[in-house]
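The next block is run07.cif, given as mmCIF, C-alpha atoms.
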```cif
data_upload
loop_
_atom_site.label_atom_id
_atom_site.label_comp_id
_atom_site.auth_asym_id
_atom_site.auth_seq_id
_atom_site.Cartn_x
_atom_site.Cartn_y
_atom_site.Cartn_z
CA MET A 1 -37.76 57.91 38.78
CA THR A 2 -34.68 59.98 37.99
CA ARG A 3 -35.01 62.55 35.23
CA GLN A 4 -33.21 60.25 32.79
CA GLU A 5 -35.45 57.28 33.75
CA LYS A 6 -38.52 59.45 33.16
CA LYS A 7 -37.25 60.41 29.71
CA GLU A 8 -36.59 56.79 28.74
CA PHE A 9 -39.99 55.71 30.07
CA ILE A 10 -41.73 58.43 28.04
CA ALA A 11 -39.68 57.64 24.90
CA LYS A 12 -40.58 53.93 25.16
CA ARG A 13 -44.28 54.72 25.40
CA VAL A 14 -44.17 57.21 22.50
CA ALA A 15 -42.52 54.55 20.33
CA ARG A 16 -45.72 52.48 20.59
CA GLU A 17 -47.78 55.23 18.90
CA PHE A 18 -46.52 54.45 15.41
CA THR A 19 -47.96 52.20 12.76
CA ASP A 20 -46.12 50.46 9.96
CA GLY A 21 -45.21 52.85 7.15
CA ASP A 22 -45.52 56.07 9.14
CA VAL A 23 -43.41 59.08 8.16
CA VAL A 24 -42.28 60.55 11.47
CA ASN A 25 -40.32 63.63 12.51
CA LEU A 26 -38.72 63.53 15.97
CA GLY A 27 -37.70 66.80 17.64
CA ILE A 28 -34.43 67.46 19.45
CA GLY A 29 -33.91 66.21 23.01
CA LEU A 30 -36.30 63.69 24.57
CA PRO A 31 -38.12 62.99 21.26
CA THR A 32 -34.80 61.91 19.70
CA LEU A 33 -34.63 59.04 22.23
CA VAL A 34 -37.84 57.59 20.78
CA ALA A 35 -35.85 56.26 17.79
CA ASN A 36 -34.12 53.77 20.15
CA TYR A 37 -37.39 52.01 21.01
CA ILE A 38 -39.30 51.56 17.73
CA PRO A 39 -40.98 48.09 17.82
CA GLU A 40 -39.09 45.65 15.62
CA ASP A 41 -42.20 44.47 13.77
CA ILE A 42 -42.87 47.84 12.13
CA THR A 43 -40.96 50.04 9.70
CA ILE A 44 -41.23 53.79 10.03
CA TYR A 45 -39.48 56.48 8.00
CA LEU A 46 -37.78 59.15 10.08
CA GLN A 47 -37.66 62.55 8.43
CA SER A 48 -35.18 65.20 9.46
CA GLU A 49 -36.09 68.73 8.39
CA ASN A 50 -32.56 69.62 7.31
CA GLY A 51 -33.19 67.33 4.36
CA LEU A 52 -33.41 63.59 4.69
CA ILE A 53 -35.76 60.65 5.11
CA GLY A 54 -34.35 57.39 6.41
CA LEU A 55 -32.54 58.61 9.51
CA GLY A 56 -30.42 55.81 10.94
CA PRO A 57 -28.52 55.36 14.19
CA LYS A 58 -25.54 57.42 15.28
CA PRO A 59 -22.41 56.57 13.31
CA ASP A 60 -19.35 54.89 14.78
CA GLU A 61 -15.79 55.69 13.70
CA THR A 62 -16.09 53.56 10.58
CA THR A 63 -19.41 54.97 9.38
CA LEU A 64 -18.90 58.64 10.31
CA ASP A 65 -19.60 61.00 7.39
CA LYS A 66 -19.63 64.69 8.31
CA ASP A 67 -21.95 65.53 5.41
CA ILE A 68 -24.77 63.46 6.97
CA THR A 69 -26.35 65.24 9.92
CA ASN A 70 -29.68 65.61 11.69
CA ALA A 71 -31.59 68.82 12.40
CA GLY A 72 -29.45 69.36 15.48
CA GLY A 73 -26.33 69.33 13.30
CA GLN A 74 -25.21 66.01 14.82
CA PRO A 75 -23.71 63.25 12.67
CA VAL A 76 -26.19 60.50 11.78
CA THR A 77 -26.41 57.69 9.25
CA LEU A 78 -28.79 57.07 6.37
CA LYS A 79 -30.71 53.81 6.17
CA THR A 80 -30.95 51.79 2.96
CA GLY A 81 -33.64 53.37 0.80
CA GLY A 82 -33.13 56.75 2.42
CA MET A 83 -32.55 59.96 0.47
CA TYR A 84 -31.63 63.64 0.70
CA PHE A 85 -33.45 66.77 -0.46
CA ASP A 86 -33.27 70.54 -0.11
CA SER A 87 -34.99 72.67 2.53
CA ALA A 88 -37.88 73.75 0.28
CA THR A 89 -38.72 70.11 -0.50
CA SER A 90 -38.27 69.22 3.15
CA PHE A 91 -40.82 71.79 4.24
CA ALA A 92 -43.16 70.90 1.40
CA ILE A 93 -43.12 67.42 2.94
CA ILE A 94 -43.85 68.90 6.36
CA ARG A 95 -46.30 71.65 5.42
CA GLY A 96 -48.02 69.60 2.74
CA GLY A 97 -49.27 67.05 5.27
CA HIS A 98 -46.92 64.25 4.23
CA VAL A 99 -45.59 63.69 7.75
CA ASP A 100 -47.88 61.33 9.66
CA LYS A 101 -46.64 62.08 13.16
CA THR A 102 -44.36 64.60 14.77
CA VAL A 103 -43.03 64.23 18.30
CA LEU A 104 -41.89 67.40 20.03
CA GLY A 105 -40.97 68.54 23.50
CA SER A 106 -42.74 71.54 24.99
CA LEU A 107 -42.46 74.14 27.71
CA GLN A 108 -46.26 74.39 28.03
CA VAL A 109 -49.30 72.69 26.50
CA ASP A 110 -52.90 73.57 27.25
CA GLU A 111 -56.26 71.83 27.19
CA THR A 112 -57.17 73.50 23.87
CA GLY A 113 -54.18 71.83 22.22
CA SER A 114 -52.12 75.00 21.99
CA LEU A 115 -48.44 74.73 22.75
CA ALA A 116 -45.51 77.00 23.60
CA ASN A 117 -42.00 75.70 23.07
CA TRP A 118 -39.86 78.28 21.32
CA ILE A 119 -39.31 81.32 23.49
CA ILE A 120 -39.25 82.52 27.10
CA PRO A 121 -39.30 86.29 26.63
CA GLY A 122 -36.32 87.98 28.27
CA LYS A 123 -34.74 84.66 29.19
CA LEU A 124 -34.39 82.17 26.40
CA VAL A 125 -34.72 83.10 22.74
CA PRO A 126 -33.52 80.14 20.70
CA GLY A 127 -36.05 80.56 17.87
CA MET A 128 -38.69 78.26 16.49
CA GLY A 129 -36.58 76.43 13.92
CA GLY A 130 -39.00 74.07 12.18
CA ALA A 131 -41.34 73.58 15.14
CA MET A 132 -44.12 75.89 13.93
CA ASP A 133 -44.11 74.24 10.51
CA LEU A 134 -44.16 70.76 12.01
CA VAL A 135 -47.08 71.33 14.38
CA MET A 136 -49.15 73.01 11.68
CA GLY A 137 -48.32 70.52 8.96
CA ALA A 138 -48.04 67.07 10.53
CA LYS A 139 -51.21 64.96 10.60
CA GLU A 140 -50.72 64.14 14.27
CA VAL A 141 -48.81 66.13 16.90
CA ILE A 142 -47.52 64.22 19.93
CA ILE A 143 -45.92 66.12 22.79
CA ALA A 144 -43.37 64.08 24.73
CA MET A 145 -42.24 65.77 27.92
CA THR A 146 -41.76 65.37 31.66
CA HIS A 147 -44.99 66.27 33.41
CA MET A 148 -43.55 69.02 35.60
CA ASN A 149 -40.73 71.53 35.36
CA ARG A 150 -39.09 72.14 38.77
CA GLY A 151 -42.33 71.37 40.57
CA LYS A 152 -44.45 73.48 38.21
CA THR A 153 -47.10 71.94 35.98
CA LYS A 154 -46.65 72.27 32.21
CA ILE A 155 -50.18 71.13 31.25
CA LEU A 156 -52.24 74.27 31.69
CA LYS A 157 -55.73 75.64 31.08
CA ARG A 158 -54.13 78.23 28.79
CA CYS A 159 -50.50 78.67 27.77
CA THR A 160 -48.91 81.83 29.15
CA LEU A 161 -45.79 81.86 26.94
CA PRO A 162 -45.92 82.96 23.27
CA LEU A 163 -47.54 80.18 21.26
CA THR A 164 -45.89 77.91 18.74
CA ALA A 165 -49.35 77.08 17.36
CA LYS A 166 -52.96 77.16 18.44
CA ASN A 167 -55.11 74.01 18.80
CA GLN A 168 -52.71 71.62 17.09
CA VAL A 169 -51.70 69.07 19.75
CA ASN A 170 -53.38 65.66 19.61
CA LYS A 171 -51.59 63.77 22.38
CA ILE A 172 -49.37 64.41 25.37
CA ILE A 173 -47.23 61.64 26.81
CA THR A 174 -45.52 62.16 30.17
CA GLU A 175 -44.18 59.87 32.90
CA MET A 176 -47.63 60.14 34.55
CA GLY A 177 -49.83 59.18 31.65
CA VAL A 178 -51.10 59.45 28.11
CA PHE A 179 -53.44 62.37 27.43
CA GLU A 180 -55.57 63.10 24.42
CA ILE A 181 -56.94 66.46 23.31
CA LYS A 182 -60.22 66.33 21.45
CA ASP A 183 -62.54 69.26 20.73
CA GLN A 184 -60.43 71.40 23.06
CA LYS A 185 -60.85 69.04 25.99
CA LEU A 186 -58.16 67.03 27.76
CA TYR A 187 -58.76 63.31 28.43
CA LEU A 188 -56.66 60.88 30.46
CA LEU A 189 -56.33 57.77 28.28
CA GLU A 190 -53.69 55.90 30.29
CA TYR A 191 -52.09 56.37 33.68
CA ASN A 192 -48.82 55.20 35.16
CA LYS A 193 -49.73 53.03 38.16
CA ASP A 194 -46.79 54.52 40.10
CA PHE A 195 -49.05 57.55 40.55
CA THR A 196 -52.57 57.88 41.91
CA ILE A 197 -55.24 59.60 39.85
CA GLU A 198 -55.30 62.31 42.51
CA GLU A 199 -51.56 62.88 42.07
CA ILE A 200 -51.98 63.15 38.31
CA LYS A 201 -54.84 65.64 38.72
CA ALA A 202 -52.84 67.68 41.20
CA ALA A 203 -49.91 67.85 38.77
CA THR A 204 -52.17 69.06 35.95
CA GLU A 205 -53.65 72.56 35.93
CA ALA A 206 -55.91 71.85 32.96
CA ASP A 207 -59.31 70.26 33.55
CA LEU A 208 -58.79 66.55 33.13
CA ILE A 209 -61.59 64.32 31.93
CA ILE A 210 -61.17 60.84 33.39
CA HIS A 211 -63.27 58.01 32.10
CA ASN A 212 -61.97 54.47 32.61
CA PRO A 213 -58.33 55.15 31.89
CA LYS A 214 -56.14 52.16 31.12
CA GLU A 215 -52.88 51.33 32.77
CA MET A 216 -49.89 52.70 30.88
CA VAL A 217 -47.89 49.78 29.49
CA VAL A 218 -44.27 50.34 28.61
CA TYR A 219 -41.86 47.66 27.47
CA MET B 1 -17.90 78.50 -18.71
CA VAL B 2 -18.40 79.67 -15.16
CA LYS B 3 -15.96 82.35 -14.01
CA GLN B 4 -13.46 81.11 -11.47
CA LEU B 5 -12.61 83.49 -8.71
CA LYS B 6 -9.55 83.58 -6.48
CA LEU B 7 -10.35 84.04 -2.82
CA ASN B 8 -8.36 87.26 -2.66
CA ALA B 9 -10.48 88.68 -5.50
CA LEU B 10 -13.68 88.25 -3.53
CA GLU B 11 -13.44 91.63 -1.87
CA GLU B 12 -14.46 93.54 -5.01
CA HIS B 13 -17.86 91.81 -4.78
CA LEU B 14 -18.45 93.01 -1.22
CA HIS B 15 -19.62 96.34 0.14
CA ASP B 16 -20.91 97.84 3.35
CA GLY B 17 -24.65 97.48 3.90
CA MET B 18 -25.12 94.62 1.47
CA SER B 19 -27.47 91.67 1.96
CA ILE B 20 -26.15 88.11 1.75
CA LEU B 21 -27.90 84.73 1.66
CA VAL B 22 -25.66 82.14 3.32
CA GLY B 23 -26.22 78.44 2.60
CA GLY B 24 -25.89 75.76 5.25
CA PHE B 25 -27.69 74.29 8.23
CA MET B 26 -25.83 74.41 11.54
CA CYS B 27 -22.72 75.04 9.40
CA VAL B 28 -23.23 71.85 7.38
CA GLY B 29 -23.05 72.98 3.75
CA THR B 30 -21.78 76.45 4.60
CA PRO B 31 -19.04 78.02 2.43
CA GLU B 32 -16.59 78.63 5.28
CA LEU B 33 -13.72 79.87 3.06
CA ILE B 34 -15.91 82.58 1.58
CA ILE B 35 -17.06 83.59 5.06
CA ASP B 36 -13.42 83.82 6.20
CA GLU B 37 -12.77 86.19 3.32
CA ILE B 38 -15.78 88.35 4.23
CA VAL B 39 -14.40 88.52 7.78
CA LYS B 40 -11.02 89.67 6.39
CA SER B 41 -12.68 92.33 4.23
CA ASN B 42 -14.31 93.77 7.34
CA VAL B 43 -17.36 95.04 5.40
CA LYS B 44 -19.98 96.31 7.83
CA ASP B 45 -23.73 96.62 8.33
CA LEU B 46 -24.54 93.35 6.60
CA THR B 47 -28.00 91.84 6.43
CA ILE B 48 -27.53 88.08 6.65
CA TYR B 49 -30.13 85.47 5.77
CA CYS B 50 -29.22 82.03 7.05
CA ASN B 51 -31.05 79.09 8.62
CA ASP B 52 -29.31 79.72 11.95
CA SER B 53 -26.59 81.83 13.56
CA GLY B 54 -23.95 79.11 13.34
CA PHE B 55 -21.53 78.67 16.19
CA GLU B 56 -19.33 81.40 17.66
CA GLU B 57 -16.28 80.25 15.67
CA GLN B 58 -18.05 78.74 12.67
CA GLY B 59 -20.38 79.72 9.83
CA VAL B 60 -22.11 83.11 9.99
CA GLY B 61 -21.10 83.10 13.68
CA LYS B 62 -17.70 84.38 12.51
CA LEU B 63 -19.33 87.46 10.90
CA ILE B 64 -21.44 88.01 14.00
CA LYS B 65 -18.40 87.76 16.27
CA ASN B 66 -16.58 90.32 14.11
CA ASN B 67 -19.59 92.66 14.56
CA GLN B 68 -20.22 92.87 10.81
CA VAL B 69 -23.89 91.93 10.98
CA LYS B 70 -26.50 94.65 11.38
CA LYS B 71 -29.46 92.36 10.85
CA LEU B 72 -29.77 88.58 11.01
CA VAL B 73 -32.79 86.77 9.60
CA ALA B 74 -32.80 83.14 10.77
CA SER B 75 -35.02 80.41 12.19
CA HIS B 76 -32.83 79.56 15.15
CA ILE B 77 -30.01 81.18 17.14
CA GLY B 78 -29.82 78.71 20.02
CA LEU B 79 -26.28 77.41 19.47
CA ASN B 80 -24.55 80.77 19.34
CA PRO B 81 -24.73 82.49 22.74
CA TYR B 82 -22.96 85.58 21.36
CA ALA B 83 -25.77 86.08 18.81
CA GLY B 84 -28.29 85.83 21.67
CA LYS B 85 -26.32 88.40 23.63
CA LEU B 86 -26.25 90.87 20.72
CA MET B 87 -29.98 90.32 20.21
CA SER B 88 -30.75 91.06 23.89
CA SER B 89 -28.56 94.18 23.94
CA GLN B 90 -30.13 95.27 20.63
CA GLU B 91 -26.70 95.61 19.04
CA MET B 92 -27.87 93.28 16.29
CA ASP B 93 -31.38 93.20 14.86
CA VAL B 94 -32.60 89.59 14.79
CA GLU B 95 -35.72 88.47 12.95
CA LEU B 96 -36.69 84.90 13.82
CA ILE B 97 -38.93 83.22 11.28
CA PRO B 98 -40.16 79.65 10.92
CA GLN B 99 -37.74 77.50 8.95
CA GLY B 100 -40.26 76.47 6.32
CA THR B 101 -41.35 80.07 5.88
CA LEU B 102 -37.71 81.10 5.45
CA ALA B 103 -37.22 78.46 2.74
CA GLU B 104 -40.46 79.40 0.96
CA ARG B 105 -39.82 83.16 1.13
CA ILE B 106 -36.43 82.63 -0.48
CA ARG B 107 -37.97 80.28 -3.05
CA ALA B 108 -40.57 82.98 -3.80
CA GLY B 109 -37.77 85.53 -4.19
CA GLY B 110 -36.04 83.36 -6.74
CA SER B 111 -39.20 82.35 -8.57
CA GLY B 112 -40.78 85.70 -9.28
CA LEU B 113 -43.63 85.15 -6.84
CA GLY B 114 -45.22 88.02 -4.94
CA GLY B 115 -45.14 85.95 -1.77
CA ILE B 116 -46.52 82.76 -0.36
CA LEU B 117 -49.55 81.94 1.78
CA THR B 118 -49.00 79.72 4.79
CA GLN B 119 -50.76 78.66 7.97
CA THR B 120 -47.46 78.35 9.82
CA GLY B 121 -47.41 81.06 12.48
CA ILE B 122 -51.13 81.77 12.36
CA ASN B 123 -52.45 82.85 15.80
CA THR B 124 -48.89 83.43 17.03
CA ILE B 125 -46.66 86.52 17.18
CA VAL B 126 -45.33 85.54 13.75
CA GLU B 127 -48.50 86.95 12.15
CA LYS B 128 -48.01 90.38 13.75
CA ASN B 129 -48.10 93.23 11.19
CA LYS B 130 -48.68 90.79 8.34
CA GLN B 131 -51.59 90.56 5.96
CA ILE B 132 -53.99 87.65 6.61
CA ILE B 133 -55.68 86.28 3.51
CA ASN B 134 -58.71 84.02 3.49
CA VAL B 135 -58.75 81.22 0.92
CA ASN B 136 -61.57 78.64 0.93
CA ASN B 137 -62.49 79.66 4.49
CA GLN B 138 -58.97 79.10 5.79
CA SER B 139 -56.75 81.91 7.09
CA TYR B 140 -53.23 82.21 5.74
CA ILE B 141 -50.37 84.60 6.44
CA LEU B 142 -48.99 86.41 3.41
CA GLU B 143 -45.22 86.03 3.62
CA THR B 144 -43.24 88.23 1.27
CA PRO B 145 -40.34 87.15 -0.96
CA ILE B 146 -36.71 87.40 0.12
CA ARG B 147 -33.92 88.37 -2.27
CA ALA B 148 -30.37 89.51 -1.57
CA ASP B 149 -27.46 91.21 -3.30
CA LEU B 150 -25.33 88.10 -2.98
CA ALA B 151 -25.77 84.40 -2.23
CA ILE B 152 -22.83 82.30 -1.10
CA ILE B 153 -23.34 78.58 -1.46
CA TYR B 154 -21.41 75.34 -1.03
CA GLY B 155 -21.29 72.69 -3.75
CA ASN B 156 -19.69 69.29 -3.46
CA LYS B 157 -19.05 68.98 -7.21
CA ILE B 158 -19.24 71.90 -9.61
CA ASP B 159 -18.47 71.48 -13.29
CA GLN B 160 -16.74 73.93 -15.65
CA TYR B 161 -20.12 75.40 -16.62
CA GLY B 162 -21.13 76.03 -13.03
CA ASN B 163 -23.61 73.16 -12.75
CA THR B 164 -23.70 72.20 -9.11
CA MET B 165 -24.28 69.00 -7.19
CA TYR B 166 -24.53 68.90 -3.42
CA ARG B 167 -23.81 65.97 -1.15
CA ALA B 168 -26.02 64.47 1.58
CA THR B 169 -27.46 67.04 4.00
CA THR B 170 -25.08 69.79 2.86
CA ARG B 171 -27.77 70.59 0.27
CA ASN B 172 -30.33 72.22 2.61
CA PHE B 173 -30.84 75.93 1.77
CA ASN B 174 -28.17 76.12 -0.96
CA PRO B 175 -30.41 75.41 -4.00
CA VAL B 176 -33.12 77.96 -3.10
CA MET B 177 -30.58 80.60 -2.15
CA ALA B 178 -28.76 80.16 -5.48
CA MET B 179 -31.96 81.32 -7.20
CA ALA B 180 -32.67 84.40 -5.08
CA ALA B 181 -29.65 86.70 -5.36
CA ASP B 182 -28.34 89.20 -7.90
CA LYS B 183 -24.96 87.50 -7.73
CA VAL B 184 -24.11 83.93 -6.69
CA ILE B 185 -20.66 82.79 -5.60
CA ALA B 186 -20.17 79.08 -4.94
CA GLN B 187 -17.44 77.35 -2.99
CA ALA B 188 -16.57 74.07 -4.72
CA ARG B 189 -15.20 71.15 -2.77
CA HIS B 190 -14.36 69.53 -6.11
CA MET B 191 -14.26 70.97 -9.62
CA VAL B 192 -15.08 68.48 -12.40
CA GLN B 193 -15.17 68.68 -16.19
CA GLN B 194 -18.83 67.93 -16.60
CA LEU B 195 -21.60 66.62 -14.35
CA ASP B 196 -24.10 64.07 -15.57
CA PRO B 197 -27.00 66.32 -16.71
CA GLU B 198 -29.39 64.07 -14.75
CA CYS B 199 -27.52 64.81 -11.52
CA VAL B 200 -27.44 68.61 -11.59
CA HIS B 201 -29.11 70.08 -8.49
CA THR B 202 -28.48 73.74 -9.33
CA PRO B 203 -28.35 74.62 -13.06
CA HIS B 204 -25.30 76.68 -14.06
CA ILE B 205 -27.39 79.70 -15.08
CA PHE B 206 -27.73 80.52 -11.37
CA VAL B 207 -24.01 80.35 -10.56
CA ASP B 208 -21.89 83.41 -11.42
CA TYR B 209 -18.54 82.60 -9.81
CA VAL B 210 -16.85 79.54 -8.36
CA ILE B 211 -14.08 79.45 -5.81
CA LYS B 212 -12.15 76.19 -5.75
CA GLU B 213 -11.23 74.86 -2.32
CA GLU B 214 -7.83 73.65 -3.46
CA ASP B 215 -6.95 77.22 -4.53
CA SER B 216 -7.37 78.43 -1.00
CA ASP B 217 -3.71 78.13 0.05
#
```
As structure tokens, what does this structure read like?
Amino acid sequence: MTRQEKKEFIAKRVAREFTDGDVVNLGIGLPTLVANYIPEDITIYLQSENGLIGLGPKPDETTLDKDITNAGGQPVTLKTGGMYFDSATSFAIIRGGHVDKTVLGSLQVDETGSLANWIIPGKLVPGMGGAMDLVMGAKEVIIAMTHMNRGKTKILKRCTLPLTAKNQVNKIITEMGVFEIKDQKLYLLEYNKDFTIEEIKAATEADLIIHNPKEMVVY
Amino acid sequence: MVKQLKLNALEEHLHDGMSILVGGFMCVGTPELIIDEIVKSNVKDLTIYCNDSGFEEQGVGKLIKNNQVKKLVASHIGLNPYAGKLMSSQEMDVELIPQGTLAERIRAGGSGLGGILTQTGINTIVEKNKQIINVNNQSYILETPIRADLAIIYGNKIDQYGNTMYRATTRNFNPVMAMAADKVIAQARHMVQQLDPECVHTPHIFVDYVIKEEDSD
């Protein structure tokens, strides 16, 4: 798979994690793609931390309104029934446990459910934005990311970069499989049949518990 | 009646070393005309509180580019490489704090609270040098209130009393910032006679001065 194909594959699989009525916050980058693949038989409410619920598709020339943007500052549209609010309300929604699921990318995740995705000291210092609030506040934290970064594994025994939060990740979805973290242990729930179990284990530094994993279905 | 201010009269409200809360999120809902005037005034050693560092040619990025900012408190500086450069070379002090914590600290500053307790940042470098308080067997970080000398905000419609209504996602940090400064100056996209009292987002008691966009020429 090319990098773009991997991203689309992951986004399609993440989109199947939602249930009807979920309030969901999608991070910037790969997680944003998830919105393109939400199953048609469910309705979910996309929250954007800059102050809206009811995030719709990108505008075209006729629907462009520069006052309506997502958390990346990009123009978006508002779905019928959607609404706007200020930053304090937005983070009360996030921190108060009113977001069912958040999907974020990550630089590293470890088998205890800790994640690091906001700083590479001395190299990249973008800041945490709303990521720390989202992973602490959302009921379920799903990490959507490519399995490796330039041949290096991102699923570790322990994160080495400064943490975004400790023990908060519930699921990791990569092009290789679906992983669950429970009681600080990492389980393989589903695998992509394009890879062998040995390949998945070799690409994962964390101890992986494998017990009758299912085939990863993406459509 | 709210006092209307001409852009060229803004300078008397500015001084070196002052702290300013700047509304907006990635420059959406940022009072750009007021920022342009602060750039012209060339006041120095500012402490700026804003969600992000804007872009190099937009938002608080313009103050950063003009080297007027001594300290920036923000949640994100990723879209302004110049801000990152000044942070690395230690020419500008940058404090990165979680976005929700930034909003709540400002809300605390405007609401007379001694701080807020949050789990955001617990077990990360965010908790460094901060007091940890245990409530019902859960650990929380004590985050202190933020107030500033001045808040500059952006309203879509402001009435003759100063009541302010925002539009769409331009609202973001503007309402909390309007409550947390000694002086509040709002940029109005439109001035109206009177807003529907049910539709006021920021009550006029928080707004000291209004600058009309159409007066900017």
When you count all atoms listed in the file, which of these residues is closest to chain A: B:Asn137, B:Thr101, B:Asn67, B:Gln160?
B:Thr101
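Residues of chain A lying within 7 Å of chain B, counting all atoms listed in the file, are A:Asn50, A:Gly51, A:Leu52, A:Asp67, A:Ile68, A:Thr69, A:Gly73, A:Tyr84, A:Phe85, A:Asp86, A:Ser87, A:Ala88, A:Phe91, A:Pro126, A:Gly127, A:Met128, A:Gly129, A:Gly130, A:Met132, A:Asp133, A:Met136, A:Pro162, A:Leu163, A:Thr164, A:Ala165, A:Lys166.
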Within 10 Å of Leu161 of chain A, counting all atoms listed in the file, which residues qualify if same-chain residues fewer than 2 places away don't, as a ChimeraX atom specification?
/A:107-109,115-121,158-159,163-164
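Between atom CA of Gln184 of chain A and atom CA of Glu140 of chain A the separation is 15.0 Å.
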Which of A:Ile143, A:Ile53, A:Met148, A:Leu156 sits closest to Lys101 of chain A [using only C-alpha atoms]:
A:Ile143
Out of A:Val141, A:Ile210, A:Val135, A:Ala203, which residue has the shortest atom-to-atom distance to Lys154 of chain A when counting all atoms listed in the file?
A:Ala203
Contacts of Ala9 of chain B at 10 Å or less, counting only C-alpha atoms, minus same-chain residues fewer than 3 places along, as a tab-separated table (two decimals) with C-alpha atoms, in the frame of the given file?
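The resulting file, selection.tsv, is reproduced below:
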```
chain	number	residue	atom	x	y	z
B	5	LEU	CA	-12.61	83.49	-8.71
B	6	LYS	CA	-9.55	83.58	-6.48
B	12	GLU	CA	-14.46	93.54	-5.01
B	13	HIS	CA	-17.86	91.81	-4.78
B	37	GLU	CA	-12.77	86.19	3.32
B	211	ILE	CA	-14.08	79.45	-5.81
```
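Between atom CA of Met92 of chain B and atom CA of Ile146 of chain B lies a distance of 19.3 Å.
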For the provided coordinates, the residues matched by the PyMOL selection byres ((chain B and resi 22) around 9) should be stated as a PyMOL selection string.
chain B and resi 20-21+23-24+30-31+35+48-51+59-60+150-153+173-174+177
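Taken over the shown file, the PyMOL selection byres ((chain A and resi 113) around 9) identifies Val109, Asp110, Glu111, Thr112, Ser114, Leu115, Ala165, Lys166, Asn167, Gln168, Val169, Asn170, Lys171, Ile181, Lys182, Asp183, Gln184, Lys185 and Leu186 of chain A.
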Output file for the selection above: C-alpha atoms, as a PDB file, in the frame of the given file:
```pdb
ATOM      1  CA  VAL A 109     -49.300  72.690  26.500  1.00  0.00           C
ATOM      2  CA  ASP A 110     -52.900  73.570  27.250  1.00  0.00           C
ATOM      3  CA  GLU A 111     -56.260  71.830  27.190  1.00  0.00           C
ATOM      4  CA  THR A 112     -57.170  73.500  23.870  1.00  0.00           C
ATOM      5  CA  SER A 114     -52.120  75.000  21.990  1.00  0.00           C
ATOM      6  CA  LEU A 115     -48.440  74.730  22.750  1.00  0.00           C
ATOM      7  CA  ALA A 165     -49.350  77.080  17.360  1.00  0.00           C
ATOM      8  CA  LYS A 166     -52.960  77.160  18.440  1.00  0.00           C
ATOM      9  CA  ASN A 167     -55.110  74.010  18.800  1.00  0.00           C
ATOM     10  CA  GLN A 168     -52.710  71.620  17.090  1.00  0.00           C
ATOM     11  CA  VAL A 169     -51.700  69.070  19.750  1.00  0.00           C
ATOM     12  CA  ASN A 170     -53.380  65.660  19.610  1.00  0.00           C
ATOM     13  CA  LYS A 171     -51.590  63.770  22.380  1.00  0.00           C
ATOM     14  CA  ILE A 181     -56.940  66.460  23.310  1.00  0.00           C
ATOM     15  CA  LYS A 182     -60.220  66.330  21.450  1.00  0.00           C
ATOM     16  CA  ASP A 183     -62.540  69.260  20.730  1.00  0.00           C
ATOM     17  CA  GLN A 184     -60.430  71.400  23.060  1.00  0.00           C
ATOM     18  CA  LYS A 185     -60.850  69.040  25.990  1.00  0.00           C
ATOM     19  CA  LEU A 186     -58.160  67.030  27.760  1.00  0.00           C
TER      20      LEU A 186
END
```
Looking at A:Ile42, A:Ala92, A:Leu104, A:Ile10, which one is nearest to Asp22 of chain A, with distances taken over only C-alpha atoms?
A:Ile42
Give as a ChimeraX atom specification the residues that the PyMOL selection byres ((chain B and resi 2) around 10) matches when applied to the coordinates above.
/B:1,3-5,158-163,204-205,207-210
Just write the chosen residues, C-alpha atoms, as a PDB file, in the coordinates of the input.
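The result, stored in out-v9.pdb:
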```pdb
ATOM      1  CA  MET B   1     -17.900  78.500 -18.710  1.00  0.00           C
ATOM      2  CA  LYS B   3     -15.960  82.350 -14.010  1.00  0.00           C
ATOM      3  CA  GLN B   4     -13.460  81.110 -11.470  1.00  0.00           C
ATOM      4  CA  LEU B   5     -12.610  83.490  -8.710  1.00  0.00           C
ATOM      5  CA  ILE B 158     -19.240  71.900  -9.610  1.00  0.00           C
ATOM      6  CA  ASP B 159     -18.470  71.480 -13.290  1.00  0.00           C
ATOM      7  CA  GLN B 160     -16.740  73.930 -15.650  1.00  0.00           C
ATOM      8  CA  TYR B 161     -20.120  75.400 -16.620  1.00  0.00           C
ATOM      9  CA  GLY B 162     -21.130  76.030 -13.030  1.00  0.00           C
ATOM     10  CA  ASN B 163     -23.610  73.160 -12.750  1.00  0.00           C
ATOM     11  CA  HIS B 204     -25.300  76.680 -14.060  1.00  0.00           C
ATOM     12  CA  ILE B 205     -27.390  79.700 -15.080  1.00  0.00           C
ATOM     13  CA  VAL B 207     -24.010  80.350 -10.560  1.00  0.00           C
ATOM     14  CA  ASP B 208     -21.890  83.410 -11.420  1.00  0.00           C
ATOM     15  CA  TYR B 209     -18.540  82.600  -9.810  1.00  0.00           C
ATOM     16  CA  VAL B 210     -16.850  79.540  -8.360  1.00  0.00           C
TER      17      VAL B 210
END
```
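Between atom CA of Lys157 of chain B and atom CA of Leu55 of chain A lies a distance of 23.9 Å.
With all atoms listed in the file as the atoms that count, the minimum distance from Val217 of chain A to the choices A:Ile94, A:Ala15, A:Leu46, A:Leu26 is reached by A:Ala15.
Distance check against His190 of chain B using only C-alpha atoms: of B:Gly54, B:Glu214, B:Thr202, B:Arg147, the minimum falls on B:Glu214.
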